[in-house]
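A quick write-up on the structure given underneath.
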Amino acid sequence: MFCYEEYGEHITEETMNSNQKNDNHLLKSGDFISKPIKSIRCTINENILQLHHSFGYDCCSKMFNICAADKHTVVYAAGSYIIMFDINEEKFNFRKCAGNGGIGYIAKNPVLSHIAVGENCSNPLIIVYEWPTFEIISVLKGSAKQQNNWLSYSQNGEYLCSQAGEPDNTLTIWDWKKSKIVLRTKSHNQNVYVCRFSNFISDHLVTAGLGHLKFWKMAKTFTGLKLQGQLGCFGKTEVSNVIGIYSMPDEKVISGCDRGNILVWDKEFIDVEVTRKFRKPCHSAPIIMFLFSENDELLTSISMDGSIKFWYYHTVDSADPPENDRVLEMEPSFTISVQDNMGNAKIMGMCKVDDGDHKSNDYFIQV
């Protein structure tokens, strides 16, 4: 089966926005709060209604609607509001977004005290705020036509990647300090759920979504910096939607699938599919996220089935099943079950409490 897609030089040059002036120091935070839409003849004061409290939290259908702004503050979206919850003081604060279409994604810079908010509306903005003052650091224009599905910072915090939703599905790499597009292309024709920079190789990233997974490199060529993409080939494995992805130090990529199993990708092909003994699925629902500990060689899978499982990665990496049946049967080292009042919780997102503390194992979980 021929599935290879050549590395395409999918536009674009670093000079795309070279003439754009960076006037971010002139931006006022208060100017980026949306106001009520009034008809021409309306005489009602636009401030007649004041928000007292929002009880909203789209935790059941909106995945990864959770962000740790600092060690004691969780930030999430509810409609057009950015909601901040201080877990120590049990206190809420609210800020309305700039547009009237809601919020697509919120991401924390792993190095600086900044949060990026990707909005949803016609020609939505991505706004990088200083935390906790909400002063405007930069405003990024042209990320999407309607919605921002995902934001991801590079490990050094220098670049921001944004993934637009339908209809354009645009993948954009930003120099957020200059409010400048570095690279941009269409990820895929189908809806793209997630984009993630590699934790180990700064110019590598992966996108995934409806029936596909794609590998990207930011490559220097004779004509400038290019974004090169290669579509993953499922081969004999059933094509699946992909949410959970993780780039390993050796350039292999780990992904989940609809069946709840773990797929190990070597370049554009599936090297191994991991199941439990007797071909039972690793999880009874899709895997949404992976973590990896180099010291312990433990691969962690987080699933919608409410379980967090730990796998000895050396066993996976050294496996060499037959070419006609690339399946590895193994059991997790141990399992954690996340419970709610109804039993196993449906995990929809998870983020580390302190991204800078590599020894910490504390996480906020969205259920």
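Naming scheme: A, B, ... for chains in displayed order of the structure tokens; residues 1 onward per chain; ligands 1 onward as shown.
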
For Pro322 (chain A), work out the shell of residues within 12 Å, counting only C-alpha atoms and skipping chain neighbours fewer than 6 positions away, then give it as a VMD selection string. chain A and resid 271 to 273 328

Selection file, N, CA, C and O atoms, as a PDB file, in the first residue's frame:
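Once everything was written out, this is result_10.pdb:
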ATOM      1  N   ASP A 271       5.236   1.272  13.838  1.00  0.00           N
ATOM      2  CA  ASP A 271       6.236   0.250  14.127  1.00  0.00           C
ATOM      3  C   ASP A 271       5.633  -0.854  14.988  1.00  0.00           C
ATOM      4  O   ASP A 271       5.822  -2.042  14.716  1.00  0.00           O
ATOM      5  N   VAL A 272       4.871  -0.466  16.027  1.00  0.00           N
ATOM      6  CA  VAL A 272       4.286  -1.435  16.953  1.00  0.00           C
ATOM      7  C   VAL A 272       2.930  -0.915  17.426  1.00  0.00           C
ATOM      8  O   VAL A 272       2.762   0.290  17.637  1.00  0.00           O
ATOM      9  N   GLU A 273       1.980  -1.828  17.575  1.00  0.00           N
ATOM     10  CA  GLU A 273       0.727  -1.514  18.259  1.00  0.00           C
ATOM     11  C   GLU A 273       0.722  -2.276  19.587  1.00  0.00           C
ATOM     12  O   GLU A 273       0.868  -3.502  19.612  1.00  0.00           O
ATOM     13  N   LEU A 328       2.370  -5.909  20.104  1.00  0.00           N
ATOM     14  CA  LEU A 328       3.042  -6.292  21.345  1.00  0.00           C
ATOM     15  C   LEU A 328       1.997  -6.392  22.442  1.00  0.00           C
ATOM     16  O   LEU A 328       1.275  -5.434  22.708  1.00  0.00           O
TER      17      LEU A 328
END

Residues near region 234-239 of chain A, anyone? I mean within 12 Å using only C-alpha atoms, not counting same-chain ones fewer than 3 positions away, as a PDB file with C-alpha atoms, in the first residue's frame.
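Writing done, so here's part-v4.pdb:
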ATOM      1  CA  MET A   1       0.000   0.000   0.000  1.00  0.00           C
ATOM      2  CA  PHE A   2       1.543   3.302  -1.132  1.00  0.00           C
ATOM      3  CA  CYS A   3       1.047   5.874   1.612  1.00  0.00           C
ATOM      4  CA  TYR A   4       4.160   7.985   1.365  1.00  0.00           C
ATOM      5  CA  GLY A 209      -7.167  14.670  14.260  1.00  0.00           C
ATOM      6  CA  LEU A 210      -9.957  13.024  12.321  1.00  0.00           C
ATOM      7  CA  GLY A 211      -8.511   9.867  10.762  1.00  0.00           C
ATOM      8  CA  HIS A 212      -4.943  11.135  10.521  1.00  0.00           C
ATOM      9  CA  LEU A 213      -1.626  12.030  12.139  1.00  0.00           C
ATOM     10  CA  LYS A 214       1.071  14.183  10.543  1.00  0.00           C
ATOM     11  CA  LEU A 231       1.373  12.129   6.615  1.00  0.00           C
ATOM     12  CA  VAL A 242      -6.042  10.487  17.047  1.00  0.00           C
ATOM     13  CA  SER A 255      -0.155   8.076  19.704  1.00  0.00           C
ATOM     14  CA  GLY A 256      -3.484   6.739  20.856  1.00  0.00           C
ATOM     15  CA  CYS A 257      -6.365   5.514  18.729  1.00  0.00           C
ATOM     16  CA  ASP A 258     -10.130   5.004  18.945  1.00  0.00           C
ATOM     17  CA  ARG A 259      -9.605   1.403  20.114  1.00  0.00           C
ATOM     18  CA  ASN A 261      -4.424   0.965  22.139  1.00  0.00           C
ATOM     19  CA  ILE A 262      -0.991   2.601  21.947  1.00  0.00           C
ATOM     20  CA  LEU A 263       0.596   3.113  18.516  1.00  0.00           C
ATOM     21  CA  VAL A 264       4.356   3.598  18.138  1.00  0.00           C
ATOM     22  CA  TRP A 265       5.302   5.463  14.953  1.00  0.00           C
ATOM     23  CA  ASP A 266       8.751   5.270  13.359  1.00  0.00           C
ATOM     24  CA  LYS A 267       8.833   8.036  10.760  1.00  0.00           C
ATOM     25  CA  GLU A 268       5.546   7.787   8.836  1.00  0.00           C
ATOM     26  CA  PHE A 269       4.798   4.123   9.602  1.00  0.00           C
ATOM     27  CA  ILE A 270       3.405   2.277  12.619  1.00  0.00           C
ATOM     28  CA  ASP A 271       6.236   0.250  14.127  1.00  0.00           C
ATOM     29  CA  VAL A 272       4.286  -1.435  16.953  1.00  0.00           C
ATOM     30  CA  GLU A 273       0.727  -1.514  18.259  1.00  0.00           C
ATOM     31  CA  VAL A 274       0.618  -2.148  22.007  1.00  0.00           C
ATOM     32  CA  GLU A 323       6.320  -8.086  10.088  1.00  0.00           C
ATOM     33  CA  ASN A 324       2.855  -9.449   9.339  1.00  0.00           C
ATOM     34  CA  ASP A 325       1.608  -8.874  12.910  1.00  0.00           C
ATOM     35  CA  ARG A 326       3.235  -5.841  14.535  1.00  0.00           C
ATOM     36  CA  VAL A 327       1.464  -6.233  17.881  1.00  0.00           C
TER      37      VAL A 327
END

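Picture a line from CA of Leu205 (chain A) to CA of Ser247 (chain A); it runs 7.7 Å.
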
Using only C-alpha atoms for the distances, tell me which of A:Thr207, A:Ser198, A:Asn47, A:Thr133 is nearest to Asn169 (chain A). A:Thr207

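For the pair CA of Tyr105 (chain A) and CA of Leu151 (chain A), the separation is 6.3 Å.
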
Given only C-alpha atoms, how would the per-residue table for region 43-110 of chain A near region 354-358 of chain A read, listing every residue at most 10 Å away with its closest atom pair and distance in Å to one decimal, sorted by chain and number, as a Markdown table?
| residue | atom | partner | partner_atom | distance |
| --- | --- | --- | --- | --- |
| A:Ala68 | CA | A:Asp354 | CA | 7.5 |
| A:Ala69 | CA | A:Asp354 | CA | 8.8 |
| A:Asp70 | CA | A:Asp354 | CA | 6.7 |
| A:Lys71 | CA | A:Asp354 | CA | 5.6 |
| A:His72 | CA | A:Asp354 | CA | 9.2 |
| A:Lys108 | CA | A:Asp355 | CA | 9.0 |
| A:Asn109 | CA | A:Asp355 | CA | 9.1 |
| A:Pro110 | CA | A:Asp355 | CA | 6.1 |

Please dump the current selection as a PDB file, in the first residue's frame; keep N, CA, C and O atoms.
ATOM      1  N   ALA A  68      -2.801  25.556  33.934  1.00  0.00           N
ATOM      2  CA  ALA A  68      -2.238  25.978  35.226  1.00  0.00           C
ATOM      3  C   ALA A  68      -1.456  27.266  35.005  1.00  0.00           C
ATOM      4  O   ALA A  68      -0.351  27.257  34.467  1.00  0.00           O
ATOM      5  N   ALA A  69      -2.042  28.396  35.419  1.00  0.00           N
ATOM      6  CA  ALA A  69      -1.362  29.684  35.254  1.00  0.00           C
ATOM      7  C   ALA A  69      -0.203  29.815  36.227  1.00  0.00           C
ATOM      8  O   ALA A  69       0.827  30.423  35.925  1.00  0.00           O
ATOM      9  N   ASP A  70      -0.369  29.259  37.430  1.00  0.00           N
ATOM     10  CA  ASP A  70       0.703  29.164  38.409  1.00  0.00           C
ATOM     11  C   ASP A  70       0.385  27.983  39.327  1.00  0.00           C
ATOM     12  O   ASP A  70      -0.541  27.218  39.056  1.00  0.00           O
ATOM     13  N   LYS A  71       1.128  27.843  40.410  1.00  0.00           N
ATOM     14  CA  LYS A  71       0.996  26.650  41.246  1.00  0.00           C
ATOM     15  C   LYS A  71      -0.360  26.527  41.923  1.00  0.00           C
ATOM     16  O   LYS A  71      -0.751  25.429  42.346  1.00  0.00           O
ATOM     17  N   HIS A  72      -1.080  27.640  42.050  1.00  0.00           N
ATOM     18  CA  HIS A  72      -2.347  27.579  42.788  1.00  0.00           C
ATOM     19  C   HIS A  72      -3.536  28.147  42.010  1.00  0.00           C
ATOM     20  O   HIS A  72      -4.590  28.354  42.578  1.00  0.00           O
ATOM     21  N   LYS A 108      -0.187  27.937  28.534  1.00  0.00           N
ATOM     22  CA  LYS A 108       0.812  28.604  29.395  1.00  0.00           C
ATOM     23  C   LYS A 108       2.192  28.471  28.765  1.00  0.00           C
ATOM     24  O   LYS A 108       2.576  27.389  28.301  1.00  0.00           O
ATOM     25  N   ASN A 109       2.922  29.568  28.744  1.00  0.00           N
ATOM     26  CA  ASN A 109       4.313  29.523  28.296  1.00  0.00           C
ATOM     27  C   ASN A 109       5.126  28.723  29.317  1.00  0.00           C
ATOM     28  O   ASN A 109       5.049  29.008  30.520  1.00  0.00           O
ATOM     29  N   PRO A 110       5.915  27.708  28.893  1.00  0.00           N
ATOM     30  CA  PRO A 110       6.646  26.878  29.861  1.00  0.00           C
ATOM     31  C   PRO A 110       7.813  27.585  30.540  1.00  0.00           C
ATOM     32  O   PRO A 110       8.352  27.077  31.525  1.00  0.00           O
TER      33      PRO A 110
END

Write out as a PyMOL selection string the residues lying within 9 Å of Asn120 (chain A), counting only C-alpha atoms and excluding same-chain residues fewer than 5 positions away. chain A and resi 99-105+125+144-149

So which residues of region 28-168 of chain A fall under strand (DSSP E) by DSSP, listed as a JSON list (two decimals) with N, CA and C atoms, in the first residue's frame?
[["chain", "number", "residue", "atom", "x", "y", "z"],
["A", 67, "CYS", "N", -5.83, 24.97, 32.31],
["A", 67, "CYS", "CA", -4.48, 25.50, 32.19],
["A", 67, "CYS", "C", -4.01, 25.94, 33.56],
["A", 68, "ALA", "N", -2.80, 25.56, 33.93],
["A", 68, "ALA", "CA", -2.24, 25.98, 35.23],
["A", 68, "ALA", "C", -1.46, 27.27, 35.00],
["A", 69, "ALA", "N", -2.04, 28.40, 35.42],
["A", 69, "ALA", "CA", -1.36, 29.68, 35.25],
["A", 69, "ALA", "C", -0.20, 29.81, 36.23],
["A", 70, "ASP", "N", -0.37, 29.26, 37.43],
["A", 70, "ASP", "CA", 0.70, 29.16, 38.41],
["A", 70, "ASP", "C", 0.39, 27.98, 39.33],
["A", 73, "THR", "N", -3.34, 28.42, 40.69],
["A", 73, "THR", "CA", -4.43, 29.01, 39.91],
["A", 73, "THR", "C", -4.70, 28.21, 38.65],
["A", 74, "VAL", "N", -5.94, 27.78, 38.52],
["A", 74, "VAL", "CA", -6.41, 27.08, 37.31],
["A", 74, "VAL", "C", -7.17, 28.09, 36.45],
["A", 75, "VAL", "N", -6.85, 28.10, 35.17],
["A", 75, "VAL", "CA", -7.55, 28.98, 34.22],
["A", 75, "VAL", "C", -8.30, 28.12, 33.22],
["A", 76, "TYR", "N", -9.55, 28.49, 32.94],
["A", 76, "TYR", "CA", -10.34, 27.75, 31.95],
["A", 76, "TYR", "C", -11.32, 28.70, 31.29],
["A", 77, "ALA", "N", -12.00, 28.22, 30.25],
["A", 77, "ALA", "CA", -12.93, 29.04, 29.49],
["A", 77, "ALA", "C", -14.36, 28.62, 29.78],
["A", 78, "ALA", "N", -15.24, 29.62, 29.83],
["A", 78, "ALA", "CA", -16.68, 29.38, 29.91],
["A", 78, "ALA", "C", -17.36, 30.44, 29.04],
["A", 81, "TYR", "N", -15.82, 34.04, 28.57],
["A", 81, "TYR", "CA", -15.08, 34.46, 29.76],
["A", 81, "TYR", "C", -13.87, 33.56, 30.03],
["A", 82, "ILE", "N", -12.77, 34.22, 30.41],
["A", 82, "ILE", "CA", -11.61, 33.53, 30.97],
["A", 82, "ILE", "C", -11.84, 33.49, 32.47],
["A", 83, "ILE", "N", -11.88, 32.29, 33.03],
["A", 83, "ILE", "CA", -12.17, 32.14, 34.46],
["A", 83, "ILE", "C", -10.92, 31.65, 35.18],
["A", 84, "MET", "N", -10.60, 32.35, 36.27],
["A", 84, "MET", "CA", -9.42, 32.02, 37.07],
["A", 84, "MET", "C", -9.86, 31.58, 38.46],
["A", 85, "PHE", "N", -9.42, 30.40, 38.86],
["A", 85, "PHE", "CA", -9.80, 29.86, 40.16],
["A", 85, "PHE", "C", -8.56, 29.64, 41.02],
["A", 86, "ASP", "N", -8.49, 30.36, 42.11],
["A", 86, "ASP", "CA", -7.39, 30.20, 43.07],
["A", 86, "ASP", "C", -7.78, 29.09, 44.03],
["A", 91, "LYS", "N", -11.21, 31.25, 45.42],
["A", 91, "LYS", "CA", -11.73, 32.51, 44.91],
["A", 91, "LYS", "C", -11.67, 32.53, 43.39],
["A", 92, "PHE", "N", -12.75, 33.08, 42.76],
["A", 92, "PHE", "CA", -12.83, 33.18, 41.31],
["A", 92, "PHE", "C", -12.59, 34.62, 40.86],
["A", 93, "ASN", "N", -11.96, 34.76, 39.70],
["A", 93, "ASN", "CA", -11.87, 36.03, 39.00],
["A", 93, "ASN", "C", -12.25, 35.79, 37.54],
["A", 94, "PHE", "N", -12.74, 36.85, 36.88],
["A", 94, "PHE", "CA", -13.28, 36.70, 35.54],
["A", 94, "PHE", "C", -12.76, 37.81, 34.64],
["A", 95, "ARG", "N", -12.55, 37.44, 33.38],
["A", 95, "ARG", "CA", -12.20, 38.43, 32.36],
["A", 95, "ARG", "C", -12.86, 38.02, 31.06],
["A", 96, "LYS", "N", -13.53, 38.96, 30.41],
["A", 96, "LYS", "CA", -14.15, 38.68, 29.13],
["A", 96, "LYS", "C", -13.11, 38.74, 28.03],
["A", 103, "ILE", "N", -13.97, 31.15, 23.42],
["A", 103, "ILE", "CA", -12.54, 30.87, 23.53],
["A", 103, "ILE", "C", -12.25, 29.45, 23.06],
["A", 104, "GLY", "N", -11.24, 29.32, 22.21],
["A", 104, "GLY", "CA", -10.88, 28.01, 21.67],
["A", 104, "GLY", "C", -9.88, 27.26, 22.53],
["A", 105, "TYR", "N", -8.83, 27.96, 22.99],
["A", 105, "TYR", "CA", -7.78, 27.26, 23.74],
["A", 105, "TYR", "C", -6.99, 28.26, 24.56],
["A", 106, "ILE", "N", -6.49, 27.79, 25.71],
["A", 106, "ILE", "CA", -5.63, 28.59, 26.59],
["A", 106, "ILE", "C", -4.36, 27.79, 26.87],
["A", 107, "ALA", "N", -3.20, 28.43, 26.68],
["A", 107, "ALA", "CA", -1.92, 27.73, 26.89],
["A", 107, "ALA", "C", -0.99, 28.59, 27.72],
["A", 108, "LYS", "N", -0.19, 27.94, 28.53],
["A", 108, "LYS", "CA", 0.81, 28.60, 29.39],
["A", 108, "LYS", "C", 2.19, 28.47, 28.76],
["A", 114, "HIS", "N", 3.43, 33.91, 31.11],
["A", 114, "HIS", "CA", 2.52, 34.37, 30.07],
["A", 114, "HIS", "C", 1.47, 33.29, 29.82],
["A", 115, "ILE", "N", 0.27, 33.71, 29.47],
["A", 115, "ILE", "CA", -0.72, 32.77, 28.96],
["A", 115, "ILE", "C", -1.22, 33.28, 27.62],
["A", 116, "ALA", "N", -1.40, 32.37, 26.67],
["A", 116, "ALA", "CA", -1.91, 32.70, 25.34],
["A", 116, "ALA", "C", -3.35, 32.22, 25.25],
["A", 117, "VAL", "N", -4.23, 33.09, 24.77],
["A", 117, "VAL", "CA", -5.64, 32.76, 24.64],
["A", 117, "VAL", "C", -6.04, 32.85, 23.17],
["A", 118, "GLY", "N", -6.42, 31.72, 22.59],
["A", 118, "GLY", "CA", -6.89, 31.68, 21.21],
["A", 118, "GLY", "C", -8.40, 31.76, 21.19],
["A", 119, "GLU", "N", -8.94, 32.73, 20.50],
["A", 119, "GLU", "CA", -10.38, 32.97, 20.53],
["A", 119, "GLU", "C", -11.09, 32.34, 19.34],
["A", 126, "ILE", "N", -5.33, 35.72, 18.65],
["A", 126, "ILE", "CA", -4.62, 35.04, 19.74],
["A", 126, "ILE", "C", -3.93, 36.15, 20.53],
["A", 127, "ILE", "N", -4.22, 36.23, 21.82],
["A", 127, "ILE", "CA", -3.65, 37.29, 22.65],
["A", 127, "ILE", "C", -2.75, 36.66, 23.71],
["A", 128, "VAL", "N", -1.52, 37.14, 23.77],
["A", 128, "VAL", "CA", -0.58, 36.69, 24.79],
["A", 128, "VAL", "C", -0.61, 37.72, 25.92],
["A", 129, "TYR", "N", -1.01, 37.25, 27.11],
["A", 129, "TYR", "CA", -1.11, 38.11, 28.28],
["A", 129, "TYR", "C", 0.02, 37.83, 29.25],
["A", 130, "GLU", "N", 0.41, 38.86, 29.98],
["A", 130, "GLU", "CA", 1.29, 38.65, 31.14],
["A", 130, "GLU", "C", 0.41, 38.16, 32.30],
["A", 136, "ILE", "N", -1.15, 43.27, 28.00],
["A", 136, "ILE", "CA", -0.99, 42.67, 26.67],
["A", 136, "ILE", "C", 0.49, 42.57, 26.32],
["A", 137, "ILE", "N", 0.95, 41.37, 26.05],
["A", 137, "ILE", "CA", 2.31, 41.14, 25.57],
["A", 137, "ILE", "C", 2.35, 41.24, 24.05],
["A", 138, "SER", "N", 1.43, 40.53, 23.39],
["A", 138, "SER", "CA", 1.36, 40.58, 21.93],
["A", 138, "SER", "C", -0.02, 40.14, 21.47],
["A", 139, "VAL", "N", -0.39, 40.60, 20.29],
["A", 139, "VAL", "CA", -1.65, 40.22, 19.65],
["A", 139, "VAL", "C", -1.32, 39.60, 18.29],
["A", 140, "LEU", "N", -1.79, 38.38, 18.08],
["A", 140, "LEU", "CA", -1.48, 37.64, 16.86],
["A", 140, "LEU", "C", -2.72, 37.58, 15.98],
["A", 148, "ASN", "N", -9.81, 28.69, 16.84],
["A", 148, "ASN", "CA", -8.49, 28.15, 17.20],
["A", 148, "ASN", "C", -8.70, 26.88, 18.03],
["A", 149, "ASN", "N", -8.35, 25.74, 17.45],
["A", 149, "ASN", "CA", -8.54, 24.47, 18.15],
["A", 149, "ASN", "C", -7.49, 24.20, 19.21],
["A", 150, "TRP", "N", -6.26, 24.68, 18.97],
["A", 150, "TRP", "CA", -5.16, 24.28, 19.87],
["A", 150, "TRP", "C", -4.04, 25.30, 19.81],
["A", 151, "LEU", "N", -3.35, 25.49, 20.94],
["A", 151, "LEU", "CA", -2.13, 26.29, 21.02],
["A", 151, "LEU", "C", -1.06, 25.46, 21.72],
["A", 152, "SER", "N", 0.17, 25.60, 21.27],
["A", 152, "SER", "CA", 1.27, 24.87, 21.90],
["A", 152, "SER", "C", 2.54, 25.69, 21.80],
["A", 153, "TYR", "N", 3.21, 25.88, 22.94],
["A", 153, "TYR", "CA", 4.51, 26.56, 22.94],
["A", 153, "TYR", "C", 5.61, 25.54, 22.71],
["A", 160, "LEU", "N", 5.27, 29.87, 19.28],
["A", 160, "LEU", "CA", 3.92, 29.43, 19.60],
["A", 160, "LEU", "C", 3.32, 28.84, 18.33],
["A", 161, "CYS", "N", 2.75, 27.65, 18.48],
["A", 161, "CYS", "CA", 2.08, 26.99, 17.36],
["A", 161, "CYS", "C", 0.58, 27.08, 17.58],
["A", 162, "SER", "N", -0.15, 27.47, 16.53],
["A", 162, "SER", "CA", -1.61, 27.51, 16.60],
["A", 162, "SER", "C", -2.20, 26.61, 15.52],
["A", 163, "GLN", "N", -3.25, 25.89, 15.89],
["A", 163, "GLN", "CA", -3.94, 25.03, 14.94],
["A", 163, "GLN", "C", -5.38, 25.51, 14.81],
["A", 164, "ALA", "N", -5.72, 25.97, 13.62],
["A", 164, "ALA", "CA", -7.07, 26.45, 13.35],
["A", 164, "ALA", "C", -8.00, 25.27, 13.11]]
